[in-house]
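This is query-v3.txt (compact mmCIF, C-alpha atoms).
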```txt
# COMPACT_ATOMS: atom_id res chain seq x y z
CA MET A 1 -19.08 -5.98 9.74
CA ARG A 2 -18.74 -6.68 6.02
CA VAL A 3 -16.54 -4.05 4.38
CA LEU A 4 -15.69 -3.59 0.71
CA VAL A 5 -12.49 -1.62 0.07
CA THR A 6 -12.01 -0.18 -3.40
CA GLY A 7 -8.35 0.41 -4.14
CA GLY A 8 -7.64 -2.18 -1.47
CA ALA A 9 -4.35 -3.30 -3.05
CA GLY A 10 -3.02 0.25 -3.04
CA PHE A 11 -0.79 2.01 -0.54
CA ILE A 12 -3.44 3.28 1.89
CA GLY A 13 -6.07 0.71 0.97
CA SER A 14 -3.92 -2.32 1.75
CA HIS A 15 -3.10 -0.96 5.22
CA LEU A 16 -6.82 -0.36 5.79
CA VAL A 17 -7.62 -3.92 4.67
CA ASP A 18 -5.08 -5.27 7.16
CA ALA A 19 -6.59 -3.23 9.99
CA LEU A 20 -10.13 -4.35 9.16
CA VAL A 21 -9.11 -8.02 8.96
CA ALA A 22 -7.16 -7.72 12.23
CA ARG A 23 -10.24 -6.55 14.10
CA GLY A 24 -12.37 -9.38 12.69
CA ASP A 25 -14.29 -7.73 9.87
CA ASP A 26 -15.26 -9.65 6.73
CA VAL A 27 -13.42 -7.84 3.92
CA ALA A 28 -13.46 -7.88 0.13
CA VAL A 29 -11.28 -5.85 -2.23
CA VAL A 30 -11.89 -4.22 -5.60
CA ASP A 31 -8.76 -3.03 -7.41
CA ASP A 32 -7.79 -2.87 -11.09
CA MET A 33 -4.09 -3.17 -10.14
CA SER A 34 -3.13 -0.10 -12.15
CA GLY A 35 -1.56 1.32 -9.01
CA GLY A 36 -2.13 -1.52 -6.58
CA ARG A 37 -0.16 -4.73 -6.18
CA PRO A 38 -1.57 -8.15 -5.25
CA GLY A 39 1.36 -8.75 -2.90
CA ARG A 40 0.17 -5.98 -0.60
CA VAL A 41 -3.02 -7.86 0.28
CA ALA A 42 -3.12 -10.71 2.79
CA ASP A 43 -4.70 -14.06 1.92
CA GLU A 44 -7.94 -13.52 3.83
CA PRO A 45 -9.84 -11.00 1.65
CA VAL A 46 -11.26 -11.94 -1.74
CA VAL A 47 -9.70 -9.65 -4.36
CA HIS A 48 -11.76 -8.68 -7.42
CA LYS A 49 -9.57 -7.36 -10.22
CA LEU A 50 -11.74 -4.74 -11.85
CA SER A 51 -11.98 -0.99 -12.24
CA VAL A 52 -14.56 1.20 -10.51
CA THR A 53 -15.28 2.56 -13.99
CA GLU A 54 -16.95 -0.80 -14.76
CA GLY A 55 -20.30 0.02 -13.22
CA ALA A 56 -22.07 -3.28 -13.88
CA ALA A 57 -19.15 -5.32 -12.52
CA VAL A 58 -18.89 -3.19 -9.38
CA ALA A 59 -22.63 -3.55 -8.84
CA ALA A 60 -22.43 -7.33 -9.26
CA VAL A 61 -19.60 -7.72 -6.77
CA THR A 62 -21.40 -5.48 -4.29
CA ALA A 63 -24.69 -7.32 -4.69
CA ASP A 64 -22.95 -10.65 -4.11
CA PHE A 65 -20.89 -9.55 -1.09
CA ARG A 66 -23.55 -7.21 0.39
CA PRO A 67 -21.23 -4.99 2.43
CA GLU A 68 -22.49 -2.77 5.20
CA LEU A 69 -19.67 -0.30 4.53
CA ILE A 70 -17.68 0.62 1.42
CA CYS A 71 -14.37 2.44 1.91
CA HIS A 72 -13.81 4.05 -1.48
CA LEU A 73 -10.09 4.61 -2.11
CA ALA A 74 -9.83 3.62 -5.78
CA ALA A 75 -8.68 6.76 -7.59
CA ARG A 76 -6.26 8.49 -9.87
CA VAL A 77 -4.06 10.32 -7.39
CA ASP A 78 -1.35 12.16 -9.32
CA VAL A 79 -1.90 15.89 -9.83
CA ARG A 80 0.50 16.09 -12.77
CA THR A 81 -1.16 13.19 -14.58
CA SER A 82 -4.54 14.85 -14.09
CA VAL A 83 -3.22 17.95 -15.85
CA SER A 84 -2.02 15.93 -18.84
CA ASP A 85 -5.10 13.66 -19.00
CA PRO A 86 -8.05 15.28 -17.23
CA ALA A 87 -10.64 13.06 -18.95
CA ASP A 88 -9.14 9.87 -17.51
CA ASP A 89 -8.87 11.51 -14.10
CA ALA A 90 -12.56 12.44 -14.19
CA LEU A 91 -13.58 9.01 -15.47
CA VAL A 92 -12.02 7.26 -12.48
CA ASN A 93 -12.54 9.85 -9.75
CA VAL A 94 -16.03 11.07 -10.69
CA VAL A 95 -17.73 8.33 -12.73
CA GLY A 96 -16.05 5.66 -10.61
CA THR A 97 -17.45 7.26 -7.46
CA ILE A 98 -20.95 7.40 -8.97
CA ASN A 99 -20.69 3.69 -9.81
CA VAL A 100 -19.71 2.92 -6.20
CA LEU A 101 -22.58 5.05 -4.86
CA GLU A 102 -25.09 3.31 -7.12
CA ALA A 103 -23.82 -0.11 -6.08
CA ALA A 104 -23.99 0.92 -2.42
CA ARG A 105 -27.56 2.19 -2.85
CA GLN A 106 -28.69 -1.18 -4.13
CA VAL A 107 -27.58 -2.95 -0.94
CA GLY A 108 -28.02 -0.15 1.61
CA ALA A 109 -24.29 0.24 2.32
CA ARG A 110 -22.64 3.33 3.73
CA VAL A 111 -19.74 4.84 1.76
CA ILE A 112 -16.66 6.63 3.07
CA LEU A 113 -14.88 8.52 0.31
CA GLY A 114 -11.15 9.01 0.59
CA SER A 115 -10.87 12.55 -0.76
CA THR A 116 -8.05 15.08 -0.67
CA GLY A 117 -7.35 17.89 1.72
CA ALA A 118 -3.99 18.48 0.09
CA VAL A 119 -5.20 20.15 -3.14
CA ILE A 120 -8.93 20.71 -2.85
CA TYR A 121 -8.97 24.08 -1.09
CA GLY A 122 -6.92 26.16 -3.54
CA ARG A 123 -4.30 28.85 -3.28
CA ASP A 124 -6.40 31.50 -1.51
CA ALA A 125 -7.67 29.31 1.33
CA PRO A 126 -6.59 30.24 4.86
CA ILE A 127 -3.93 27.95 6.33
CA PRO A 128 -4.70 25.59 7.97
CA SER A 129 -7.89 25.17 5.96
CA LEU A 130 -11.21 24.38 7.61
CA GLU A 131 -13.87 22.15 6.05
CA ASP A 132 -16.19 25.15 5.66
CA VAL A 133 -13.83 26.91 3.23
CA LEU A 134 -15.20 26.96 -0.32
CA PRO A 135 -12.90 24.69 -2.36
CA LEU A 136 -11.30 26.31 -5.41
CA PRO A 137 -9.01 23.56 -6.73
CA GLU A 138 -6.08 24.41 -9.00
CA SER A 139 -5.91 21.04 -10.80
CA PRO A 140 -8.23 18.59 -12.57
CA TYR A 141 -7.54 16.11 -9.77
CA GLY A 142 -8.80 18.56 -7.15
CA ILE A 143 -11.85 19.40 -9.27
CA ALA A 144 -12.68 15.71 -9.75
CA LYS A 145 -12.38 14.95 -6.04
CA TYR A 146 -14.58 17.92 -5.15
CA CYS A 147 -17.14 16.73 -7.71
CA ALA A 148 -17.06 13.25 -6.14
CA GLU A 149 -17.70 14.86 -2.75
CA GLN A 150 -20.71 16.66 -4.19
CA TYR A 151 -22.15 13.33 -5.30
CA ILE A 152 -21.68 12.01 -1.77
CA GLY A 153 -23.75 14.93 -0.46
CA LEU A 154 -26.33 14.51 -3.23
CA TYR A 155 -26.90 10.83 -2.41
CA ASN A 156 -27.30 11.74 1.25
CA ARG A 157 -29.99 14.29 0.36
CA LEU A 158 -31.66 12.40 -2.48
CA HIS A 159 -31.63 8.89 -1.03
CA GLY A 160 -31.36 9.48 2.71
CA ALA A 161 -27.92 7.89 2.88
CA ALA A 162 -25.30 8.53 5.57
CA HIS A 163 -22.14 8.66 3.46
CA SER A 164 -19.02 10.50 4.62
CA VAL A 165 -15.89 12.16 3.25
CA LEU A 166 -12.37 12.07 4.66
CA ARG A 167 -10.22 14.86 3.22
CA LEU A 168 -6.78 13.37 3.61
CA ALA A 169 -3.65 15.47 3.87
CA ASN A 170 -0.49 14.07 2.24
CA VAL A 171 -0.41 10.47 3.45
CA TYR A 172 2.98 8.76 3.68
CA GLY A 173 4.39 5.52 5.06
CA PRO A 174 5.60 2.01 4.17
CA ARG A 175 4.20 0.49 0.94
CA GLN A 176 4.17 3.84 -0.85
CA ASP A 177 6.02 3.19 -4.10
CA PRO A 178 9.54 4.74 -3.96
CA ALA A 179 9.60 4.72 -7.76
CA GLY A 180 6.21 6.42 -8.10
CA GLU A 181 5.34 9.93 -9.18
CA ALA A 182 3.68 10.84 -5.88
CA GLY A 183 4.97 10.61 -2.32
CA VAL A 184 7.88 12.97 -1.84
CA ILE A 185 8.94 11.47 1.50
CA THR A 186 9.28 7.97 0.08
CA ILE A 187 11.01 9.24 -3.06
CA PHE A 188 13.53 11.31 -1.08
CA CYS A 189 14.25 8.45 1.34
CA ALA A 190 14.90 6.13 -1.62
CA SER A 191 17.23 8.71 -3.18
CA ALA A 192 19.16 9.08 0.05
CA LEU A 193 19.59 5.33 0.41
CA ALA A 194 20.77 5.06 -3.20
CA GLY A 195 23.38 7.75 -2.60
CA HIS A 196 21.63 10.24 -4.88
CA GLN A 197 20.62 13.82 -4.26
CA PRO A 198 16.87 14.60 -4.17
CA THR A 199 15.30 16.70 -6.92
CA ILE A 200 13.06 19.55 -5.78
CA TYR A 201 10.57 20.99 -8.25
CA GLY A 202 10.36 24.69 -7.47
CA ASP A 203 12.37 26.45 -4.78
CA GLY A 204 11.55 24.04 -1.95
CA THR A 205 9.57 26.55 0.12
CA GLN A 206 6.25 24.99 -0.93
CA THR A 207 4.51 23.37 2.05
CA ARG A 208 2.29 20.38 2.70
CA ASP A 209 0.60 18.74 5.68
CA TYR A 210 1.79 15.15 6.23
CA VAL A 211 -0.13 12.39 8.00
CA TYR A 212 1.22 8.90 8.64
CA VAL A 213 -0.64 6.05 6.95
CA GLY A 214 -1.46 4.30 10.24
CA ASP A 215 -3.15 7.46 11.47
CA ALA A 216 -5.11 7.80 8.21
CA VAL A 217 -6.27 4.19 8.55
CA GLN A 218 -7.46 4.89 12.08
CA ALA A 219 -9.55 7.76 10.71
CA PHE A 220 -11.33 5.34 8.34
CA LEU A 221 -11.97 2.88 11.16
CA THR A 222 -13.32 5.60 13.42
CA ALA A 223 -15.53 7.12 10.73
CA GLY A 224 -16.75 3.66 9.76
CA ASP A 225 -17.85 2.97 13.31
CA ASN A 226 -19.65 6.33 13.45
CA ASP A 227 -23.12 6.32 11.89
CA ARG A 228 -23.24 10.05 11.25
CA PRO A 229 -22.49 11.51 7.82
CA GLY A 230 -19.87 14.23 7.63
CA THR A 231 -16.83 15.73 5.98
CA TRP A 232 -13.63 15.69 8.01
CA ASN A 233 -10.09 16.89 7.40
CA ILE A 234 -7.49 14.28 8.33
CA GLY A 235 -4.06 15.83 8.85
CA ALA A 236 -1.64 17.30 11.35
CA GLY A 237 -2.50 20.93 10.65
CA VAL A 238 1.18 21.84 10.29
CA GLU A 239 2.93 23.22 7.21
CA ILE A 240 6.14 21.38 6.35
CA SER A 241 8.27 22.66 3.47
CA VAL A 242 10.11 20.43 1.02
CA LEU A 243 13.35 21.89 2.38
CA ASP A 244 12.22 20.86 5.89
CA LEU A 245 11.79 17.30 4.62
CA VAL A 246 15.32 17.28 3.20
CA THR A 247 16.66 18.36 6.60
CA ILE A 248 14.74 15.65 8.47
CA ILE A 249 15.72 12.93 6.00
CA SER A 250 19.36 14.07 6.17
CA GLY A 251 19.23 13.47 9.92
CA VAL A 252 17.64 10.04 9.51
CA ALA A 253 20.14 9.04 6.80
CA GLY A 254 23.11 10.40 8.73
CA ARG A 255 24.49 12.34 5.78
CA ASP A 256 24.12 15.75 4.22
CA LEU A 257 21.67 15.92 1.33
CA ARG A 258 22.11 18.73 -1.17
CA PRO A 259 19.01 18.91 -3.35
CA GLU A 260 19.02 19.69 -7.04
CA PHE A 261 16.36 22.11 -8.24
CA ALA A 262 14.07 21.85 -11.29
CA PRO A 263 11.20 24.03 -12.57
CA ALA A 264 7.95 23.94 -10.60
CA ARG A 265 5.25 21.66 -11.96
CA ALA A 266 1.89 22.84 -13.27
CA GLY A 267 -1.17 22.43 -11.05
CA GLU A 268 0.68 22.24 -7.72
CA LEU A 269 -0.11 24.53 -4.80
CA GLN A 270 2.50 26.62 -3.03
CA ARG A 271 0.98 26.07 0.44
CA SER A 272 -1.33 23.48 1.96
CA ALA A 273 -2.35 22.34 5.43
CA VAL A 274 -5.68 21.28 6.90
CA ALA A 275 -7.28 21.94 10.26
CA ALA A 276 -8.43 18.66 11.83
CA ASP A 277 -10.31 20.16 14.80
CA ARG A 278 -13.65 18.82 13.57
CA ALA A 279 -12.30 15.27 13.32
CA ALA A 280 -11.00 15.62 16.87
CA SER A 281 -14.28 16.88 18.30
CA GLU A 282 -16.73 14.74 16.31
CA LEU A 283 -14.76 11.54 15.77
CA GLY A 284 -12.20 11.69 18.55
CA TRP A 285 -9.46 11.33 15.94
CA HIS A 286 -5.98 12.78 16.43
CA PRO A 287 -2.74 12.17 14.50
CA ALA A 288 -0.52 10.06 16.72
CA THR A 289 2.75 9.71 14.76
CA PRO A 290 5.35 12.51 14.85
CA LEU A 291 6.70 13.32 11.40
CA ALA A 292 10.31 12.42 12.20
CA ASP A 293 9.23 9.02 13.57
CA GLY A 294 7.14 8.30 10.52
CA ILE A 295 9.94 9.27 8.15
CA ARG A 296 12.31 6.99 10.01
CA ARG A 297 9.88 4.08 9.55
CA VAL A 298 9.75 4.79 5.81
CA TYR A 299 13.54 4.99 5.58
CA GLU A 300 14.00 1.71 7.46
CA TRP A 301 11.33 0.01 5.34
CA ILE A 302 13.16 0.93 2.13
CA GLU A 303 16.49 0.00 3.71
CA GLN A 304 15.11 -3.46 4.53
CA GLY A 305 13.92 -4.08 0.96
CA ALA A 306 10.60 -2.20 0.67
CA HIS A 307 8.48 -5.31 1.20
CA ASP A 308 4.85 -5.21 0.06
CA ARG A 309 3.59 -6.61 3.35
CA ALA A 310 5.37 -4.14 5.62
CA PRO A 311 3.14 -3.25 8.58
CA CYS A 312 2.22 0.32 9.43
```

Rewritten as structure tokens:
Amino acid sequence: MRVLVTGGAGFIGSHLVDALVARGDDVAVVDDMSGGRPGRVADEPVVHKLSVTEGAAVAAVTADFRPELICHLAARVDVRTSVSDPADDALVNVVGTINVLEAARQVGARVILGSTGAVIYGRDAPIPSLEDVLPLPESPYGIAKYCAEQYIGLYNRLHGAAHSVLRLANVYGPRQDPAGEAGVITIFCASALAGHQPTIYGDGTQTRDYVYVGDAVQAFLTAGDNDRPGTWNIGAGVEISVLDLVTIISGVAGRDLRPEFAPARAGELQRSAVAADRAASELGWHPATPLADGIRRVYEWIEQGAHDRAPC
């Protein structure tokens, strides 16, 4: 099919583009390159350098390409940045999503929104969190993503669309920027390889649910092939603490890592994990990559030069 991927030069998006091209789909990319890199994208897809906040431009590209499916991954993704600049976060994550939905409506395309399961549920949600839990986000980023989800549901009701939402746990893997603000696994692996000690914000007992990028990509492919609308958690359903990550990375690196501690950062949850039972029963999706194996792949990718075109 014809698939438009917004954020297709980003970490997750570029892996998704590769998977779509590999199975024979006709793919186009929209990315403003604020977080993406052209080197991550293969030669086959046409790349349109523009922001999803540019509604007329997004509509024009969509009308010209006429996709059957839009995988919407263009987003601001850093919780801490959303706290310092909530207006920009909302502009990209809410208004950008509305622009994509309007463009999709004009050509009859389905949309799959890459949302967040990591921060959307809030501090009082049961762990692991089910999709039916009322989200009470603790950050502007979580609020914006939940608002974008509400627009997905609205367009389904108002226009009879069949859009879907994937609530992604903490996705990690090759191509995640080791020098970025997000992606603790990649950042810690880079520190270990550089001979530095990792910095933990807080006491290290805070937990997250980690899903390997190849497994997240498979969720998009599976949901894209499924005509039904829905909201699905995509994660392992297991809480892993930051201290647990240090232990695993120490084993992969073959040396003892002794983290340095800094004050906790505003807007971050203490605990987070999602239940992916609905994705298993309705989509047949299961995470396939054990955490230690995925971390080893990240470590080896950085060790080999952190190439933009590293496969997942």

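If you look at CA of Lys49 in chain A and CA of Val29 in chain A, they are 8.3 Å away from each other.
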
Do you have, as JSON lines, the list of residues of range 43-160 of chain A lying at most 10 Å from range 181-198 of chain A, each with its nearest atom pair and that distance in Å to one decimal, counting all atoms listed in the file and ordered by chain then number?
```
{"residue": "A:Val77", "atom": "CA", "partner": "A:Ala182", "partner_atom": "CA", "distance": 7.9}
{"residue": "A:Asp78", "atom": "CA", "partner": "A:Ala182", "partner_atom": "CA", "distance": 6.2}
{"residue": "A:Val79", "atom": "CA", "partner": "A:Ala182", "partner_atom": "CA", "distance": 8.5}
{"residue": "A:Arg80", "atom": "CA", "partner": "A:Glu181", "partner_atom": "CA", "distance": 8.6}
{"residue": "A:Thr81", "atom": "CA", "partner": "A:Glu181", "partner_atom": "CA", "distance": 9.1}
```

Exercise for review: Extract, using only C-alpha atoms, all DNA, RNA and protein residues at most 8 Å from Gly204 in chain A, discarding same-chain residues fewer than 6 positions from it, and format them as a ChimeraX atom specification.
Suggested key: /A:241-243

Next, dump the selected residues to file, keeping only C-alpha atoms, as a short mmCIF file (atom, residue, chain, number, x, y, z; two decimals), in the coordinates of the input.
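Printed below is again-v7.cif as written:
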```
data_model
loop_
_atom_site.label_atom_id
_atom_site.label_comp_id
_atom_site.auth_asym_id
_atom_site.auth_seq_id
_atom_site.Cartn_x
_atom_site.Cartn_y
_atom_site.Cartn_z
CA SER A 241 8.27 22.66 3.47
CA VAL A 242 10.11 20.43 1.02
CA LEU A 243 13.35 21.89 2.38
#
```

Practice item. Could you tell me how far CA of Val3 in chain A lies from CA of Ile112 in chain A, in Å and to one decimal? Key: 10.8 Å

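Rounded to one decimal, CA of His15 in chain A and CA of Pro137 in chain A lie 27.9 Å from each other.
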
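Excluding Trp285 in chain A itself and any same-chain residue fewer than 5 positions from it, the protein and nucleic acid residues within 9 Å of it, counting only C-alpha atoms, are A:Asp215, A:Gln218, A:Ala219, A:Thr222, A:Ile234, A:Ala276, A:Asp277, A:Arg278, A:Ala279, A:Ala280.
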
Please, which residues in range 43-109 of chain A fall within 9 Å of range 156-167 of chain A when counting only C-alpha atoms, and what is the closest atom pair and distance in Å to one decimal for each, ordered by chain then residue number, as JSON lines?
```
{"residue": "A:Arg105", "atom": "CA", "partner": "A:His159", "partner_atom": "CA", "distance": 8.0}
{"residue": "A:Gly108", "atom": "CA", "partner": "A:Ala161", "partner_atom": "CA", "distance": 8.1}
{"residue": "A:Ala109", "atom": "CA", "partner": "A:Ala161", "partner_atom": "CA", "distance": 8.5}
```

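Closest to Arg23 in chain A among A:Ala42, A:Leu257, A:Ala104, A:Leu221 is A:Leu221, based on only C-alpha atoms.
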
Review point. Taking (8.2, 8.9, 12.5) in the file's coordinates as the center, which residues reach within 12 Å of it, counting all atoms listed in the file, put as a PyMOL selection string?
Key: chain A and resi 172-174+185+210-215+248-249+252+287-301+312

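For the residues A:Gly284, A:Gly35, A:Gly142, A:Gly55, ranking by smallest atom-to-atom distance to Glu268 in chain A using all atoms listed in the file places A:Gly142 first.
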
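Nearest-residue note for Glu68 in chain A: choosing from A:Arg123, A:Arg37, A:Arg110, A:Arg175, the minimum distance belongs to A:Arg110, counting only C-alpha atoms.
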
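If only C-alpha atoms are the atoms counted, then among A:Ile12, A:Val95, A:Ala223, A:Val111 the closest residue to Val41 in chain A is A:Ile12.
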
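In this comparison, which uses all atoms listed in the file, the residue of A:Pro259, A:Gly267, A:Gly251, A:Gly122 approaching Thr199 in chain A most closely is A:Pro259.
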
Taking the partial coordinates given, rebuild range 171-181 of chain A to contain all heavy atoms; return it as an mmCIF file, in the frame of the given file.
```
data_model
loop_
_atom_site.group_PDB
_atom_site.id
_atom_site.type_symbol
_atom_site.label_atom_id
_atom_site.label_comp_id
_atom_site.auth_asym_id
_atom_site.auth_seq_id
_atom_site.Cartn_x
_atom_site.Cartn_y
_atom_site.Cartn_z
ATOM 1 N N VAL A 171 -0.636 11.704 2.696
ATOM 2 C CA VAL A 171 -0.410 10.470 3.450
ATOM 3 C C VAL A 171 0.913 9.850 3.008
ATOM 4 O O VAL A 171 1.219 9.789 1.818
ATOM 5 C CB VAL A 171 -1.567 9.475 3.230
ATOM 6 C CG1 VAL A 171 -1.360 8.227 4.089
ATOM 7 C CG2 VAL A 171 -2.907 10.132 3.553
ATOM 8 N N TYR A 172 1.693 9.382 3.975
ATOM 9 C CA TYR A 172 2.980 8.760 3.680
ATOM 10 C C TYR A 172 3.161 7.550 4.590
ATOM 11 O O TYR A 172 2.485 7.414 5.618
ATOM 12 C CB TYR A 172 4.133 9.749 3.873
ATOM 13 C CG TYR A 172 4.406 10.050 5.339
ATOM 14 C CD1 TYR A 172 5.443 9.408 6.026
ATOM 15 C CD2 TYR A 172 3.606 10.938 6.060
ATOM 16 C CE1 TYR A 172 5.679 9.652 7.374
ATOM 17 C CE2 TYR A 172 3.825 11.189 7.398
ATOM 18 C CZ TYR A 172 4.866 10.544 8.057
ATOM 19 O OH TYR A 172 5.087 10.771 9.389
ATOM 20 N N GLY A 173 4.093 6.669 4.212
ATOM 21 C CA GLY A 173 4.390 5.520 5.060
ATOM 22 C C GLY A 173 4.885 4.350 4.230
ATOM 23 O O GLY A 173 5.024 4.443 3.006
ATOM 24 N N PRO A 174 5.197 3.229 4.883
ATOM 25 C CA PRO A 174 5.600 2.010 4.170
ATOM 26 C C PRO A 174 4.537 1.577 3.164
ATOM 27 O O PRO A 174 3.345 1.780 3.372
ATOM 28 C CB PRO A 174 5.757 0.987 5.297
ATOM 29 C CG PRO A 174 6.032 1.798 6.520
ATOM 30 C CD PRO A 174 5.240 3.052 6.356
ATOM 31 N N ARG A 175 4.986 0.967 2.085
ATOM 32 C CA ARG A 175 4.200 0.490 0.940
ATOM 33 C C ARG A 175 3.941 1.569 -0.103
ATOM 34 O O ARG A 175 3.396 1.262 -1.159
ATOM 35 C CB ARG A 175 2.868 -0.158 1.365
ATOM 36 C CG ARG A 175 3.009 -1.364 2.273
ATOM 37 C CD ARG A 175 1.662 -2.039 2.491
ATOM 38 N NE ARG A 175 1.706 -2.966 3.614
ATOM 39 C CZ ARG A 175 0.663 -3.585 4.126
ATOM 40 N NH1 ARG A 175 -0.544 -3.400 3.589
ATOM 41 N NH2 ARG A 175 0.779 -4.404 5.165
ATOM 42 N N GLN A 176 4.290 2.820 0.186
ATOM 43 C CA GLN A 176 4.170 3.840 -0.850
ATOM 44 C C GLN A 176 5.333 3.660 -1.822
ATOM 45 O O GLN A 176 6.482 3.597 -1.402
ATOM 46 C CB GLN A 176 4.199 5.235 -0.235
ATOM 47 C CG GLN A 176 3.808 6.340 -1.188
ATOM 48 C CD GLN A 176 3.615 7.666 -0.461
ATOM 49 O OE1 GLN A 176 4.334 7.964 0.484
ATOM 50 N NE2 GLN A 176 2.637 8.441 -0.886
ATOM 51 N N ASP A 177 5.031 3.587 -3.097
ATOM 52 C CA ASP A 177 6.020 3.190 -4.100
ATOM 53 C C ASP A 177 7.164 4.209 -4.192
ATOM 54 O O ASP A 177 6.937 5.361 -4.562
ATOM 55 C CB ASP A 177 5.344 3.064 -5.458
ATOM 56 C CG ASP A 177 6.233 2.434 -6.515
ATOM 57 O OD1 ASP A 177 7.421 2.193 -6.227
ATOM 58 O OD2 ASP A 177 5.728 2.172 -7.626
ATOM 59 N N PRO A 178 8.410 3.807 -3.859
ATOM 60 C CA PRO A 178 9.540 4.740 -3.960
ATOM 61 C C PRO A 178 9.843 5.162 -5.388
ATOM 62 O O PRO A 178 10.512 6.179 -5.601
ATOM 63 C CB PRO A 178 10.717 3.938 -3.376
ATOM 64 C CG PRO A 178 10.105 2.809 -2.624
ATOM 65 C CD PRO A 178 8.820 2.498 -3.324
ATOM 66 N N ALA A 179 9.362 4.395 -6.362
ATOM 67 C CA ALA A 179 9.600 4.720 -7.760
ATOM 68 C C ALA A 179 8.407 5.442 -8.387
ATOM 69 O O ALA A 179 8.392 5.681 -9.596
ATOM 70 C CB ALA A 179 9.904 3.461 -8.562
ATOM 71 N N GLY A 180 7.412 5.791 -7.564
ATOM 72 C CA GLY A 180 6.210 6.420 -8.100
ATOM 73 C C GLY A 180 6.395 7.900 -8.349
ATOM 74 O O GLY A 180 7.444 8.495 -8.064
ATOM 75 N N GLU A 181 5.331 8.503 -8.887
ATOM 76 C CA GLU A 181 5.340 9.930 -9.180
ATOM 77 C C GLU A 181 4.902 10.759 -7.978
ATOM 78 O O GLU A 181 5.173 11.941 -7.909
ATOM 79 C CB GLU A 181 4.415 10.221 -10.375
ATOM 80 C CG GLU A 181 4.941 9.685 -11.700
ATOM 81 C CD GLU A 181 6.225 10.352 -12.128
ATOM 82 O OE1 GLU A 181 6.334 11.583 -11.994
ATOM 83 O OE2 GLU A 181 7.134 9.645 -12.574
#
```
